[in-house]
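Here the structure comes first, spelled out in structure tokens, and everything after it is commentary.
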Amino acid sequence: MKIRASRRPARIALLAATALAATALTGCGEKQDRRPLTVVGWGGSSQAADHEALIAPFAKASGLHVQEDSWHGGIGVIRTKVLGGDTSWDVVQAETEEIILGCEEGLFEPLDWASLGGRAAYSDAAVNNCGVGSQLWSYLLGYDGDAIKGAGPRSWVDFWDVKRFAGKRGMRKTPKYTLEIALLADGVPAAQIYTVLRTPGGVDRAFRKLDQLKPNIVWWSSIAQVPDLLGSREVVMSVTSPGRLIIANRDEHRNFKLQWAGNIYAVDYWAILKNSPRKAEAAQFIQYVTRPENQMRLARIMPTGLTSKAAQQAIEPRYRENTATDPANMAGALKLDGDFWVEYGDELTQRFNAWVAH
């Protein structure tokens with residue numbers, strides 16, 4: 001891999017200037033654009049929980065009309081909207097590298113941190129100039145306890161063991177998380193994952209490990225697909241976030257199991273798109289949903305880690321179970337390195353897509 005740091009400032013300056021021009025072009029139509037505030041989430045049970053715990057209560061408390069949309073992530077989607085003058089989204093939930101790049105490129109609005117209680121009120125990882133953590137979550141190993149009876153998989157090494165645990169594996173169709181998981185399965189300690197991935201030999205090693213499992217992988221693009229893949233027995237285990245499976249167990253009487261060993265944790269963020277004609281209402285929404293009492297309401301509906309320090313301390317212990325808020329689940333966990341994916345994401349995505357296609 002080649003480090004492209006020297007090219008980033010020029011690219012960022014160009015994109016920021018283009019974004020500013022697009023904002024200026026669309027600004028004259030703001031008075032005519034009276035559509036509802038639009039909040040964009042991840043779809044499925046996660047967005048249903050957001051609606052029940054946050055969006056509907058906010059609409060009632062504020063008197064504002066709020067509509068929802070969903071997406072699967074990708075900084076390219078945000079670039080296209082902002083640089084193209086598309087003003088259909090206001091608030092979006094975004095992943096770590098999308099926030100880092102989007103803020104550098106001027107695609108998101110800077111937040112007023114004083115109105116959010118100050119940066120110190122949140123976990124360090126939940127703070128960015130353009131984004132505040134909506135939840136702390138993990139990707140981990142999930143499996144169907146009815147398909148795999150008795151002692152189930154206990155590690156990513158077991159995820160690769162198709163002789164002992166026959167059946168297909170579900171993985172997100174992206175190099176992010178996938179390469180890290182491959183190296184964890186190949187015996188690389190969590191603390192060394194990104195040191196190894198920053199070398200050509202380390203990337204080759206990850207792809208060689210993936211070669212071993214490739215015939216047994218079912219790729220998914222949305223985390224909302226995982227409960228259905230497991231429930232239909234199309235896969236017997238999958239990379240997943242815990243909340244989806246716990247909700248399926250509760251609402252659909254499934255027997256899905258979770259394995260926290262080697263989980264990769266990250267933060268999702270609330271952010272406001274640069275060309276939003278609803279910036280004031282969007283800021284009001286973010287102020288509301290990040291309050292400790294509202295974060296806790298979400299955690300009581302869907303298991304999720306909390307980013308507000310006050311919420312982390314106040315939430316009842318039973319709602320910390322099976323979340324990244326519980327320290328017991330974080331022993332040996334790997335923190336996603338957003339800066340790594342900002343630096344190498346394009347290059348590794350090209351290689352990954354070519355590998356998947358052949």
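The way I read the labels, and the way they are meant: chains A, B, ... in the order of the structure tokens, residue 1 as the first residue of every chain, and ligand 1 as the first ligand shown, with later ones counted on from there.
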
Write out as a ChimeraX atom specification each polymer residue whose atoms come within 12 Å of Trp220 of chain A, counting only C-alpha atoms; drop sequence neighbours fewer than 5 positions from it. /A:72,169-174,178,225-230,234-235,238-240

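Neighbours of Glu252 of chain A closer than or equal to 10 Å, with only C-alpha atoms counted and sequence neighbours fewer than 6 positions away skipped, come out as A:Pro227, A:Gly231, A:Leu245, A:Ile246.
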
Filtering to all heavy atoms, could you give me those residues as an mmCIF file, in the first residue's frame?
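Writing the result to again.cif gives the following:
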data_model
loop_
_atom_site.group_PDB
_atom_site.id
_atom_site.type_symbol
_atom_site.label_atom_id
_atom_site.label_comp_id
_atom_site.auth_asym_id
_atom_site.auth_seq_id
_atom_site.Cartn_x
_atom_site.Cartn_y
_atom_site.Cartn_z
ATOM 1 N N PRO A 227 -30.486 -11.110 10.778
ATOM 2 C CA PRO A 227 -31.463 -12.015 11.401
ATOM 3 C C PRO A 227 -32.183 -12.897 10.394
ATOM 4 O O PRO A 227 -32.449 -14.082 10.676
ATOM 5 C CB PRO A 227 -32.437 -11.054 12.100
ATOM 6 C CG PRO A 227 -31.635 -9.823 12.356
ATOM 7 C CD PRO A 227 -30.737 -9.707 11.165
ATOM 8 N N GLY A 231 -32.089 -16.801 10.410
ATOM 9 C CA GLY A 231 -33.394 -17.434 10.609
ATOM 10 C C GLY A 231 -33.774 -18.389 9.498
ATOM 11 O O GLY A 231 -34.433 -19.414 9.736
ATOM 12 N N LEU A 245 -29.883 -9.280 16.894
ATOM 13 C CA LEU A 245 -30.201 -10.654 17.259
ATOM 14 C C LEU A 245 -30.991 -10.716 18.558
ATOM 15 O O LEU A 245 -31.888 -11.556 18.705
ATOM 16 C CB LEU A 245 -28.918 -11.479 17.378
ATOM 17 C CG LEU A 245 -28.063 -11.580 16.114
ATOM 18 C CD1 LEU A 245 -27.036 -12.694 16.255
ATOM 19 C CD2 LEU A 245 -28.894 -11.771 14.863
ATOM 20 N N ILE A 246 -30.679 -9.833 19.482
ATOM 21 C CA ILE A 246 -31.417 -9.827 20.749
ATOM 22 C C ILE A 246 -32.864 -9.443 20.518
ATOM 23 O O ILE A 246 -33.794 -10.032 21.107
ATOM 24 C CB ILE A 246 -30.734 -8.880 21.745
ATOM 25 C CG1 ILE A 246 -29.371 -9.442 22.141
ATOM 26 C CG2 ILE A 246 -31.595 -8.679 22.986
ATOM 27 C CD1 ILE A 246 -28.514 -8.495 22.927
#

Leaving out Ala261 of chain A and any residue of its chain fewer than 6 positions from it, which residues lie within 10 Å of it when counting only C-alpha atoms, given as a list in words? Leu140, Leu141, Arg154, Ser155, Trp156, Asn329, Met330, Ala331, Gly332, Ala333 and Leu334 of chain A

Output file for the selection above: C-alpha atoms, as a PDB file, in the first residue's frame:
ATOM      1  CA  LEU A 140     -19.068  -9.676  16.817  1.00  0.00           C
ATOM      2  CA  LEU A 141     -19.855 -13.309  16.087  1.00  0.00           C
ATOM      3  CA  ARG A 154     -15.988 -19.218  20.791  1.00  0.00           C
ATOM      4  CA  SER A 155     -13.724 -17.170  18.521  1.00  0.00           C
ATOM      5  CA  TRP A 156     -13.050 -16.038  14.965  1.00  0.00           C
ATOM      6  CA  ASN A 329     -17.593  -7.420  26.965  1.00  0.00           C
ATOM      7  CA  MET A 330     -14.641  -5.214  26.103  1.00  0.00           C
ATOM      8  CA  ALA A 331     -11.854  -7.454  27.396  1.00  0.00           C
ATOM      9  CA  GLY A 332      -9.585  -8.038  24.406  1.00  0.00           C
ATOM     10  CA  ALA A 333     -11.803  -5.998  22.088  1.00  0.00           C
ATOM     11  CA  LEU A 334     -10.412  -4.132  19.077  1.00  0.00           C
TER      12      LEU A 334
END

Could you jot down the atom CA of Tyr269 of chain A to atom CA of Ser45 of chain A separation for me, Å, one decimal place? 17.7 Å

Taking the DSSP assignment computed from this structure's backbone, write out as an MDAnalysis selection string all residues of segment 95-319 of chain A that belong to helix (DSSP H, G or I). chainID A and resid 96:104 113:116 119:121 124:126 156:159 175:185 190:197 200:216 223:231 242:252 279:289 292:301 309:314 317:319

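Atom CA of Trp219 of chain A lies 21.9 Å from atom CA of Leu197 of chain A.
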
Find the residues around Thr87 of chain A up to 7 Å (only C-alpha atoms counted), leave out those fewer than 5 positions away in its own chain, and share them as an MDAnalysis selection string. chainID A and resid 275:277
